[in-house]
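A.B. asks: Sending over data.txt (compact mmCIF, C-alpha atoms and all ligand atoms).
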# COMPACT_ATOMS: atom_id res chain seq x y z
CA MET U 60 5.19 -33.47 -8.10
CA ALA U 61 8.71 -33.11 -9.46
CA ASN U 62 9.89 -29.53 -9.95
CA ARG U 63 6.78 -28.06 -8.40
CA PRO U 64 7.56 -25.25 -5.95
CA LEU U 65 6.16 -25.74 -2.47
CA VAL U 66 3.05 -23.69 -1.82
CA PHE U 67 3.02 -21.78 1.47
CA GLY U 68 -0.52 -20.75 2.45
CA ILE U 69 -0.64 -17.42 4.30
CA LEU U 70 -2.31 -17.26 7.70
CA ASN U 71 -2.11 -13.81 9.24
CA VAL U 72 -3.46 -13.84 12.78
CA THR U 73 -3.38 -10.06 12.96
CA PRO U 74 -6.12 -7.45 13.17
CA ASP U 75 -4.49 -5.25 10.52
CA SER U 76 -2.76 -7.14 7.67
CA PHE U 77 -3.52 -5.53 4.34
CA SER U 78 -5.50 -8.32 2.74
CA ASP U 79 -6.66 -10.80 5.36
CA GLY U 80 -6.25 -8.77 8.55
CA GLY U 81 -8.89 -9.45 11.16
CA LEU U 82 -10.36 -12.52 9.45
CA TRP U 83 -8.83 -15.27 11.60
CA GLN U 84 -8.69 -13.75 15.06
CA THR U 85 -9.66 -16.74 17.15
CA PRO U 86 -7.32 -19.74 17.21
CA ASP U 87 -10.17 -22.00 16.03
CA ALA U 88 -11.01 -19.80 13.04
CA ALA U 89 -7.33 -19.59 12.15
CA ALA U 90 -6.76 -23.35 12.41
CA ASN U 91 -9.85 -24.06 10.32
CA HIS U 92 -8.66 -21.71 7.60
CA ALA U 93 -5.25 -23.42 7.67
CA ARG U 94 -6.90 -26.84 7.30
CA ALA U 95 -8.87 -25.54 4.31
CA MET U 96 -5.65 -24.31 2.69
CA VAL U 97 -4.04 -27.72 3.26
CA ALA U 98 -7.10 -29.38 1.68
CA ALA U 99 -6.61 -27.05 -1.30
CA GLY U 100 -3.03 -28.27 -1.68
CA ALA U 101 -0.86 -26.07 0.55
CA ASP U 102 2.37 -27.80 1.57
CA VAL U 103 3.16 -25.44 4.44
CA ILE U 104 1.15 -22.87 6.44
CA ASP U 105 2.98 -19.60 7.10
CA VAL U 106 1.65 -18.14 10.36
CA GLY U 107 2.27 -14.46 11.13
CA GLY U 108 1.22 -12.52 14.21
CA GLU U 109 2.60 -9.09 13.37
CA SER U 110 1.60 -7.04 10.34
CA THR U 111 4.42 -5.88 8.07
CA ARG U 112 2.25 -3.77 5.77
CA PRO U 113 3.81 -0.43 4.84
CA GLY U 114 3.36 2.02 7.70
CA ALA U 115 2.75 -0.65 10.36
CA VAL U 116 4.30 -0.02 13.76
CA ARG U 117 5.84 -2.74 15.92
CA LEU U 118 3.81 -4.65 18.55
CA ASP U 119 4.55 -4.85 22.25
CA ASP U 120 6.77 -7.77 23.15
CA GLY U 121 4.60 -10.72 24.04
CA GLU U 122 1.54 -9.80 21.97
CA GLU U 123 2.88 -11.56 18.86
CA ARG U 124 3.59 -14.73 20.86
CA ARG U 125 0.11 -14.65 22.43
CA ARG U 126 -1.42 -14.45 18.94
CA VAL U 127 0.56 -17.19 17.23
CA GLU U 128 1.26 -19.79 19.90
CA PRO U 129 -2.20 -21.41 20.16
CA VAL U 130 -2.47 -21.51 16.38
CA ILE U 131 0.91 -23.10 15.69
CA ARG U 132 0.28 -25.62 18.49
CA ALA U 133 -3.00 -26.67 16.88
CA LEU U 134 -1.46 -26.96 13.42
CA VAL U 135 1.61 -28.93 14.53
CA ALA U 136 -0.70 -31.26 16.52
CA ASP U 137 -2.61 -31.84 13.27
CA GLY U 138 0.61 -32.84 11.51
CA ILE U 139 0.63 -29.71 9.35
CA SER U 140 4.01 -28.32 8.33
CA VAL U 141 4.26 -24.82 9.80
CA SER U 142 6.34 -21.78 8.94
CA LEU U 143 6.45 -19.02 11.56
CA ASP U 144 6.68 -15.50 10.14
CA THR U 145 8.52 -13.54 12.82
CA MET U 146 11.40 -11.09 13.27
CA ARG U 147 11.70 -11.82 17.01
CA SER U 148 14.05 -14.45 18.40
CA GLU U 149 11.82 -14.98 21.44
CA THR U 150 8.85 -15.83 19.21
CA ALA U 151 11.08 -18.02 17.05
CA ARG U 152 12.24 -19.88 20.17
CA VAL U 153 8.64 -20.65 21.11
CA GLY U 154 7.95 -21.81 17.54
CA LEU U 155 10.96 -24.10 17.52
CA ASP U 156 9.89 -25.61 20.86
CA VAL U 157 6.42 -26.26 19.43
CA GLY U 158 7.95 -27.86 16.33
CA VAL U 159 7.63 -25.49 13.37
CA ASP U 160 9.64 -26.45 10.26
CA TYR U 161 10.51 -22.92 9.07
CA ILE U 162 11.34 -19.58 10.64
CA ASN U 163 10.41 -16.93 8.09
CA ASP U 164 12.16 -13.68 9.03
CA VAL U 165 11.28 -10.72 6.79
CA SER U 166 14.24 -8.84 8.27
CA GLY U 167 16.77 -11.55 7.37
CA GLY U 168 18.10 -11.40 10.92
CA LEU U 169 18.55 -7.61 10.99
CA ALA U 170 15.69 -6.80 13.36
CA ASP U 171 16.89 -9.03 16.21
CA PRO U 172 20.59 -9.81 16.69
CA ASP U 173 19.72 -12.97 18.65
CA MET U 174 17.69 -14.54 15.84
CA ALA U 175 20.53 -16.34 14.04
CA GLY U 176 21.80 -17.93 17.24
CA VAL U 177 18.35 -19.23 18.14
CA VAL U 178 17.77 -20.79 14.72
CA ALA U 179 21.33 -22.11 14.38
CA GLY U 180 20.82 -24.72 17.08
CA SER U 181 17.66 -26.10 15.49
CA ASP U 182 16.61 -28.37 12.62
CA ALA U 183 14.36 -25.70 11.14
CA THR U 184 14.86 -23.97 7.82
CA TYR U 185 15.54 -20.24 8.10
CA ILE U 186 14.13 -17.96 5.39
CA ALA U 187 16.07 -14.68 5.13
CA MET U 188 14.19 -11.97 3.25
CA HIS U 189 15.74 -8.80 1.82
CA TRP U 190 14.82 -5.92 4.11
CA ARG U 191 15.79 -2.28 4.49
CA GLY U 192 14.18 -1.33 7.77
CA GLU U 193 10.93 -1.37 9.68
CA SER U 194 7.58 -1.07 7.91
CA ASP U 195 7.00 2.49 9.11
CA VAL U 196 10.09 3.72 7.22
CA MET U 197 10.54 1.19 4.40
CA ASP U 198 8.84 3.12 1.59
CA GLY U 199 11.41 5.90 2.06
CA ASN U 200 14.19 3.31 1.64
CA ALA U 201 13.01 2.28 -1.84
CA VAL U 202 15.90 4.07 -3.54
CA TYR U 203 18.21 2.11 -5.83
CA GLY U 204 20.52 2.71 -8.77
CA ASP U 205 20.35 -0.90 -9.98
CA VAL U 206 17.75 -2.67 -7.85
CA THR U 207 18.71 -6.24 -8.78
CA ARG U 208 22.42 -5.69 -8.22
CA GLU U 209 21.86 -3.95 -4.87
CA VAL U 210 19.28 -6.40 -3.51
CA LEU U 211 21.50 -9.33 -4.53
CA ALA U 212 24.53 -7.75 -2.83
CA GLU U 213 22.56 -7.00 0.35
CA LEU U 214 21.16 -10.56 0.41
CA ARG U 215 24.63 -12.03 -0.13
CA ALA U 216 25.88 -9.99 2.83
CA ARG U 217 23.05 -11.40 4.95
CA VAL U 218 23.84 -14.94 3.83
CA ASP U 219 27.49 -14.49 4.83
CA ALA U 220 26.58 -13.01 8.22
CA LEU U 221 24.01 -15.73 8.94
CA LEU U 222 26.43 -18.51 8.03
CA ASP U 223 29.07 -16.86 10.24
CA ALA U 224 26.52 -16.84 13.06
CA GLY U 225 26.19 -20.62 12.82
CA ILE U 226 23.26 -21.23 10.48
CA ALA U 227 24.09 -24.22 8.26
CA PRO U 228 24.21 -23.66 4.48
CA GLY U 229 21.56 -26.35 3.96
CA GLN U 230 19.31 -24.65 6.48
CA LEU U 231 19.18 -21.28 4.70
CA TRP U 232 16.66 -20.01 2.14
CA VAL U 233 16.47 -16.50 0.68
CA ASP U 234 13.69 -14.20 -0.53
CA PRO U 235 14.02 -10.96 -2.56
CA GLY U 236 11.28 -9.33 -0.47
CA LEU U 237 8.81 -8.01 -3.04
CA GLY U 238 7.15 -4.83 -1.81
CA PHE U 239 9.54 -4.30 1.10
CA ALA U 240 11.35 -1.01 0.38
CA LYS U 241 10.52 -1.53 -3.30
CA THR U 242 8.31 0.33 -5.74
CA PRO U 243 6.19 -1.51 -8.34
CA ASP U 244 8.95 -0.94 -10.94
CA HIS U 245 11.53 -2.42 -8.55
CA ASN U 246 9.33 -5.50 -8.01
CA TRP U 247 8.90 -6.08 -11.74
CA GLN U 248 12.65 -5.70 -12.30
CA ILE U 249 13.35 -8.29 -9.59
CA LEU U 250 10.85 -10.68 -11.18
CA ARG U 251 12.54 -10.18 -14.55
CA ASP U 252 15.89 -11.02 -12.90
CA LEU U 253 14.62 -13.79 -10.62
CA ASN U 254 17.06 -16.28 -12.17
CA GLN U 255 19.89 -14.31 -10.55
CA PHE U 256 18.34 -14.87 -7.13
CA VAL U 257 17.98 -18.59 -7.82
CA ALA U 258 21.67 -18.57 -8.84
CA LEU U 259 22.65 -17.47 -5.32
CA GLY U 260 22.55 -21.19 -4.53
CA HIS U 261 19.99 -21.16 -1.73
CA PRO U 262 16.34 -22.13 -2.26
CA VAL U 263 14.24 -19.04 -3.06
CA LEU U 264 10.82 -18.26 -1.61
CA LEU U 265 8.76 -15.65 -3.46
CA GLY U 266 5.97 -13.59 -1.89
CA ALA U 267 4.05 -11.70 -4.57
CA SER U 268 0.55 -12.54 -3.41
CA ARG U 269 -1.97 -9.66 -3.62
CA LYS U 270 0.72 -7.02 -3.16
CA ARG U 271 0.24 -3.38 -4.11
CA PHE U 272 2.23 -3.70 -7.34
CA LEU U 273 -0.60 -5.95 -8.57
CA ALA U 274 -3.22 -3.20 -8.01
CA PRO U 275 -3.57 -2.69 -11.81
CA PHE U 276 -5.26 -6.13 -11.81
CA GLY U 277 -7.74 -5.23 -9.08
CA GLU U 278 -8.15 -2.54 -6.48
CA ARG U 279 -9.26 -5.09 -3.88
CA PRO U 280 -6.45 -7.44 -2.77
CA ALA U 281 -8.60 -10.55 -3.45
CA ASP U 282 -9.02 -9.41 -7.07
CA ARG U 283 -5.27 -9.94 -7.58
CA ASP U 284 -5.33 -13.72 -7.16
CA GLU U 285 -5.23 -14.58 -10.88
CA ALA U 286 -2.22 -12.30 -11.35
CA THR U 287 -0.64 -13.95 -8.30
CA ALA U 288 -1.21 -17.46 -9.69
CA THR U 289 0.33 -16.42 -13.02
CA ILE U 290 3.41 -15.17 -11.17
CA SER U 291 3.57 -18.52 -9.33
CA VAL U 292 3.83 -20.37 -12.64
CA LEU U 293 6.37 -17.99 -14.15
CA ALA U 294 8.44 -18.20 -10.95
CA ALA U 295 8.25 -22.00 -11.10
CA GLU U 296 9.73 -21.86 -14.59
CA VAL U 297 12.71 -19.94 -13.18
CA GLY U 298 13.22 -22.52 -10.42
CA VAL U 299 11.98 -20.97 -7.19
CA ALA U 300 11.61 -23.43 -4.31
CA ALA U 301 8.39 -22.00 -2.90
CA VAL U 302 5.67 -19.40 -3.36
CA ARG U 303 3.79 -17.78 -0.48
CA VAL U 304 0.14 -17.12 -1.40
CA HIS U 305 -3.26 -16.28 0.07
CA ASP U 306 -5.37 -18.12 -2.54
CA VAL U 307 -3.89 -21.61 -2.43
CA LYS U 308 -6.30 -23.23 -4.90
CA ARG U 309 -5.60 -20.79 -7.72
CA THR U 310 -1.84 -21.20 -7.41
CA VAL U 311 -2.04 -24.99 -6.97
CA ASP U 312 -4.29 -25.28 -10.04
CA ALA U 313 -1.96 -23.09 -12.09
CA LEU U 314 1.02 -25.22 -11.03
CA ARG U 315 -0.93 -28.40 -11.86
CA VAL U 316 -1.56 -27.07 -15.35
CA ARG U 317 2.15 -26.44 -15.71
CA GLY U 318 2.89 -29.97 -14.46
CA ALA U 319 0.50 -31.57 -16.94
CA TRP U 320 1.89 -29.36 -19.73
CA ASN U 321 5.32 -30.73 -18.89
CA GLY U 322 4.12 -34.33 -19.10
CA GLY U 323 3.19 -35.07 -15.48
CA ALA U 324 -0.04 -36.66 -14.32
CA LEU U 325 -2.90 -34.35 -13.36
N1 LIG L 401 5.44 -10.70 2.64
C1 LIG L 401 4.67 -10.41 3.70
C2 LIG L 401 4.87 -11.06 4.93
N2 LIG L 401 5.79 -12.02 5.05
N3 LIG L 401 7.53 -13.30 4.15
C3 LIG L 401 8.33 -13.60 3.12
N4 LIG L 401 9.30 -14.54 3.25
N5 LIG L 401 8.20 -12.99 1.89
C4 LIG L 401 7.27 -12.03 1.67
O1 LIG L 401 7.22 -11.49 0.56
C5 LIG L 401 6.41 -11.67 2.76
C6 LIG L 401 6.58 -12.34 4.00
C7 LIG L 401 3.62 -9.35 3.59
O2 LIG L 401 2.47 -9.85 3.02
P1 LIG L 401 1.14 -10.31 3.85
O3 LIG L 401 0.67 -9.10 4.61
O4 LIG L 401 0.19 -10.76 2.80
O5 LIG L 401 1.50 -11.42 4.77
Could you write out this file's structure as structure tokens?
C.D. replies:
Amino acid sequence: MANRPLVFGILNVTPDSFSDGGLWQTPDAAANHARAMVAAGADVIDVGGESTRPGAVRLDDGEERRRVEPVIRALVADGISVSLDTMRSETARVGLDVGVDYINDVSGGLADPDMAGVVAGSDATYIAMHWRGESDVMDGNAVYGDVTREVLAELRARVDALLDAGIAPGQLWVDPGLGFAKTPDHNWQILRDLNQFVALGHPVLLGASRKRFLAPFGERPADRDEATATISVLAAEVGVAAVRVHDVKRTVDALRVRGAWNGGAL
């Protein structure tokens, strides 16, 4: 549908992610959940093997790859478009060999100096999120004078560095990184100013789904899906390229309503 953001369905193959941790621990269970999200209208499945929830500590090298590789292989074999959520160049390299379409790096290339070089030689899209350090320290880094101005400046610096490292302009997306070194007030300010992120000139992916700043809508993460779907529609109005969500059907339905409202077919 014209002007509809892509919907990335979240598949965390981790024991400890904040909302769906531990649910899809076998490759078969994970692939079946991905297929259900595609049936509900997901355009891309974003597979992550390492939790980035606040306070999380990094995995041993190798464990992330062992978690994600069988799952991304099954999805690519099914013809599903896959995004691989990783900060590690070695995991990204495996994903690119398997044939993923996106490398989604929540550190924007800061966690692994080899990441940009690995992605630069590929056809994949690279999603660079705004990041201020590992999950075990990020809450302490949520200090800003003007959050929008500072996050924009830090993202612009990443864009420049990534282009210098050989990533092609048309290959690069950005993400303001809701909840990563940001308080609820910071997240709301970024949403208010989302047009400025779209104006950076690279497609924007937004990840609001079930995050802590939506706790006023429900203490349990799954009770935040209506608020998430509402954000998907408001973000679509501002021109984001993609939204990353757990509950694909609610967001797809909300975007269909918007499409019909704007004169498209249901
Ligand atoms: N959030 C999480 C993980 N990966 N990737 C991008 N690009 N943007 C995000 O906001 C983002 C992400 C953490 O949420 P989860 O635990 O629900 O996956």
A.B. asks: With only C-alpha atoms and all ligand atoms counted, collect every polymer residue having an atom within 8 Å of ligand LIG 401 (chain L); state the result as a PyMOL selection string.
C.D. replies: chain U and resi 69-71+76-80+107+110-112+144+163-165+186-188+233-239+264-270+303-305
A.B. asks: How would the residues just picked look written out with C-alpha atoms as a CSV table (one decimal), in the frame of the given file?
C.D. replies:
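The new file out_34.csv reads:
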chain,number,residue,atom,x,y,z
U,69,ILE,CA,-0.6,-17.4,4.3
U,70,LEU,CA,-2.3,-17.3,7.7
U,71,ASN,CA,-2.1,-13.8,9.2
U,76,SER,CA,-2.8,-7.1,7.7
U,77,PHE,CA,-3.5,-5.5,4.3
U,78,SER,CA,-5.5,-8.3,2.7
U,79,ASP,CA,-6.7,-10.8,5.4
U,80,GLY,CA,-6.2,-8.8,8.6
U,107,GLY,CA,2.3,-14.5,11.1
U,110,SER,CA,1.6,-7.0,10.3
U,111,THR,CA,4.4,-5.9,8.1
U,112,ARG,CA,2.2,-3.8,5.8
U,144,ASP,CA,6.7,-15.5,10.1
U,163,ASN,CA,10.4,-16.9,8.1
U,164,ASP,CA,12.2,-13.7,9.0
U,165,VAL,CA,11.3,-10.7,6.8
U,186,ILE,CA,14.1,-18.0,5.4
U,187,ALA,CA,16.1,-14.7,5.1
U,188,MET,CA,14.2,-12.0,3.2
U,233,VAL,CA,16.5,-16.5,0.7
U,234,ASP,CA,13.7,-14.2,-0.5
U,235,PRO,CA,14.0,-11.0,-2.6
U,236,GLY,CA,11.3,-9.3,-0.5
U,237,LEU,CA,8.8,-8.0,-3.0
U,238,GLY,CA,7.2,-4.8,-1.8
U,239,PHE,CA,9.5,-4.3,1.1
U,264,LEU,CA,10.8,-18.3,-1.6
U,265,LEU,CA,8.8,-15.6,-3.5
U,266,GLY,CA,6.0,-13.6,-1.9
U,267,ALA,CA,4.0,-11.7,-4.6
U,268,SER,CA,0.6,-12.5,-3.4
U,269,ARG,CA,-2.0,-9.7,-3.6
U,270,LYS,CA,0.7,-7.0,-3.2
U,303,ARG,CA,3.8,-17.8,-0.5
U,304,VAL,CA,0.1,-17.1,-1.4
U,305,HIS,CA,-3.3,-16.3,0.1
A.B. asks: How many Å lie between CA of Leu221 in chain U and CA of Gly168 in chain U, rounded to one decimal?
C.D. replies: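 Interatomic distance here is 7.6 Å.
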A.B. asks: Name the residues, using the chain letters and numbers of the file, that sit within 12 Å of (14.0, -12.0, 20.2) when counting all atoms listed in the file, and give them as a PyMOL selection string.
C.D. replies: chain U and resi 120-121+123-124+145-154+164+168-178
A.B. asks: Using all atoms listed in the file, which protein or nucleic acid residues come within 12 Å of Leu134 in chain U? Drop anything in the same chain fewer than 6 positions from it, and give the result as a list in words.
C.D. replies: Leu70, Pro86, Asp87, Ala88, Ala89, Ala90, Asn91, His92, Ala93, Arg94, Ala95, Met96, Val97, Val103, Ile104, Asp105, Val106, Val127, Glu128, Ser140, Val141, Ser142, Leu143, Gly154, Val157, Gly158, Val159 and Asp160 of chain U
A.B. asks: Name the residues, using the chain letters and numbers of the file, that sit within 10 Å of (4.4, -29.8, -11.0) when counting all atoms listed in the file, and give them as JSON, numbers by chain.
C.D. replies: {"U": [60, 61, 62, 63, 64, 65, 292, 295, 311, 312, 313, 314, 315, 316, 317, 318, 319, 320, 321, 322, 323, 324, 325]}
A.B. asks: Given the selection you just returned, output its residues as a file containing C-alpha atoms, formatted as a PDB file, in the frame of the given file.
C.D. replies:
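Just written: selection04.pdb:
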ATOM      1  CA  MET U  60       5.190 -33.470  -8.100  1.00  0.00           C
ATOM      2  CA  ALA U  61       8.710 -33.110  -9.460  1.00  0.00           C
ATOM      3  CA  ASN U  62       9.890 -29.530  -9.950  1.00  0.00           C
ATOM      4  CA  ARG U  63       6.780 -28.060  -8.400  1.00  0.00           C
ATOM      5  CA  PRO U  64       7.560 -25.250  -5.950  1.00  0.00           C
ATOM      6  CA  LEU U  65       6.160 -25.740  -2.470  1.00  0.00           C
ATOM      7  CA  VAL U 292       3.830 -20.370 -12.640  1.00  0.00           C
ATOM      8  CA  ALA U 295       8.250 -22.000 -11.100  1.00  0.00           C
ATOM      9  CA  VAL U 311      -2.040 -24.990  -6.970  1.00  0.00           C
ATOM     10  CA  ASP U 312      -4.290 -25.280 -10.040  1.00  0.00           C
ATOM     11  CA  ALA U 313      -1.960 -23.090 -12.090  1.00  0.00           C
ATOM     12  CA  LEU U 314       1.020 -25.220 -11.030  1.00  0.00           C
ATOM     13  CA  ARG U 315      -0.930 -28.400 -11.860  1.00  0.00           C
ATOM     14  CA  VAL U 316      -1.560 -27.070 -15.350  1.00  0.00           C
ATOM     15  CA  ARG U 317       2.150 -26.440 -15.710  1.00  0.00           C
ATOM     16  CA  GLY U 318       2.890 -29.970 -14.460  1.00  0.00           C
ATOM     17  CA  ALA U 319       0.500 -31.570 -16.940  1.00  0.00           C
ATOM     18  CA  TRP U 320       1.890 -29.360 -19.730  1.00  0.00           C
ATOM     19  CA  ASN U 321       5.320 -30.730 -18.890  1.00  0.00           C
ATOM     20  CA  GLY U 322       4.120 -34.330 -19.100  1.00  0.00           C
ATOM     21  CA  GLY U 323       3.190 -35.070 -15.480  1.00  0.00           C
ATOM     22  CA  ALA U 324      -0.040 -36.660 -14.320  1.00  0.00           C
ATOM     23  CA  LEU U 325      -2.900 -34.350 -13.360  1.00  0.00           C
TER      24      LEU U 325
END
A.B. asks: Considering all atoms listed in the file, can you say which of U:Glu193, U:Glu213, U:Asp244, U:Asp284 comes closest to Ala115 in chain U?
C.D. replies: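 Closest residue, counting all atoms listed in the file: U:Glu193.
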A.B. asks: Select, from U:Ala240, U:Ala133, U:Val302, U:Val257, the residue with the minimum atom-to-atom distance to Asp195 in chain U, counting only C-alpha atoms.
C.D. replies: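 Between U:Ala240, U:Ala133, U:Val302, U:Val257, the residue approaching Asp195 in chain U most closely is U:Ala240.
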A.B. asks: Adding 4 Å on each side of the box along x, y and z that holds all listed atoms of range 191-198 of chain U, could you give its centre and edge lengths in Å to one decimal, as JSON?
C.D. replies:
{"center_x": 11.4, "center_y": 0.7, "center_z": 5.6, "size_x": 16.8, "size_y": 14.0, "size_z": 16.1}
A.B. asks: Determine the nearest neighbour of Lys241 in chain U from the options U:Gly108, U:Gly114, U:Gly68, U:Gly199, counting only C-alpha atoms.
C.D. replies: U:Gly199
A.B. asks: Do you have the CA of Gln230 in chain U-CA of Ser181 in chain U distance handy?
C.D. replies: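 Interatomic distance here is 9.3 Å.
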A.B. asks: Record the distance separating CA of Arg251 in chain U and CA of Val307 in chain U, expressed in Å with one decimal.
C.D. replies: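 Between CA of Arg251 in chain U and CA of Val307 in chain U the gap works out to 23.4 Å.
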A.B. asks: Give me the residues near Glu285 in chain U as number ranges by chain, where near means some atom within 9 Å (using only C-alpha atoms) and where sequence neighbours in that chain fewer than 2 positions away do not count.
C.D. replies: U: 276, 282-283, 287-290, 309-310
A.B. asks: Considering only C-alpha atoms, state which residue in the set U:Val135, U:Leu273, U:Ala179, U:Gly100 is at the smallest distance from Asp223 in chain U.
C.D. replies: U:Ala179
A.B. asks: Which one is closest to Leu231 in chain U: U:Pro262, U:Pro243, U:Pro113, U:Pro74? Count only C-alpha atoms.
C.D. replies: U:Pro262
A.B. asks: My list of candidates is U:Phe256, U:Trp232, U:Tyr161, U:Phe272. Which is closest to Asp182 in chain U when distances are computed with all atoms listed in the file?
C.D. replies: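 Using all atoms listed in the file, the shortest distance to Asp182 in chain U belongs to U:Tyr161.
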A.B. asks: For range 157-170 of chain U, supply N, CA and C atoms and report the output as a tab-separated table (two decimals), keeping the file's coordinate frame.
C.D. replies:
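Just written: rebuild_32.tsv:
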chain	number	residue	atom	x	y	z
U	157	VAL	N	7.69	-25.64	19.83
U	157	VAL	CA	6.42	-26.26	19.43
U	157	VAL	C	6.64	-27.23	18.26
U	158	GLY	N	7.65	-26.94	17.43
U	158	GLY	CA	7.95	-27.86	16.33
U	158	GLY	C	7.68	-27.33	14.94
U	159	VAL	N	7.81	-26.00	14.73
U	159	VAL	CA	7.63	-25.49	13.37
U	159	VAL	C	8.82	-25.93	12.51
U	160	ASP	N	8.59	-26.00	11.19
U	160	ASP	CA	9.64	-26.45	10.26
U	160	ASP	C	10.44	-25.29	9.69
U	161	TYR	N	9.86	-24.08	9.68
U	161	TYR	CA	10.51	-22.92	9.07
U	161	TYR	C	10.37	-21.71	9.99
U	162	ILE	N	11.43	-20.92	10.08
U	162	ILE	CA	11.34	-19.58	10.64
U	162	ILE	C	11.50	-18.63	9.47
U	163	ASN	N	10.44	-17.85	9.22
U	163	ASN	CA	10.41	-16.93	8.09
U	163	ASN	C	10.60	-15.52	8.62
U	164	ASP	N	11.80	-14.97	8.43
U	164	ASP	CA	12.16	-13.68	9.03
U	164	ASP	C	12.27	-12.63	7.93
U	165	VAL	N	11.27	-11.73	7.86
U	165	VAL	CA	11.28	-10.72	6.79
U	165	VAL	C	12.45	-9.75	6.94
U	166	SER	N	13.10	-9.74	8.10
U	166	SER	CA	14.24	-8.84	8.27
U	166	SER	C	15.57	-9.53	7.98
U	167	GLY	N	15.53	-10.82	7.66
U	167	GLY	CA	16.77	-11.55	7.37
U	167	GLY	C	17.75	-11.51	8.53
U	168	GLY	N	17.24	-11.40	9.74
U	168	GLY	CA	18.10	-11.40	10.92
U	168	GLY	C	18.53	-10.01	11.37
U	169	LEU	N	18.11	-8.97	10.64
U	169	LEU	CA	18.55	-7.61	10.99
U	169	LEU	C	17.77	-7.01	12.15
U	170	ALA	N	16.52	-7.44	12.32
U	170	ALA	CA	15.69	-6.80	13.36
U	170	ALA	C	16.07	-7.26	14.76
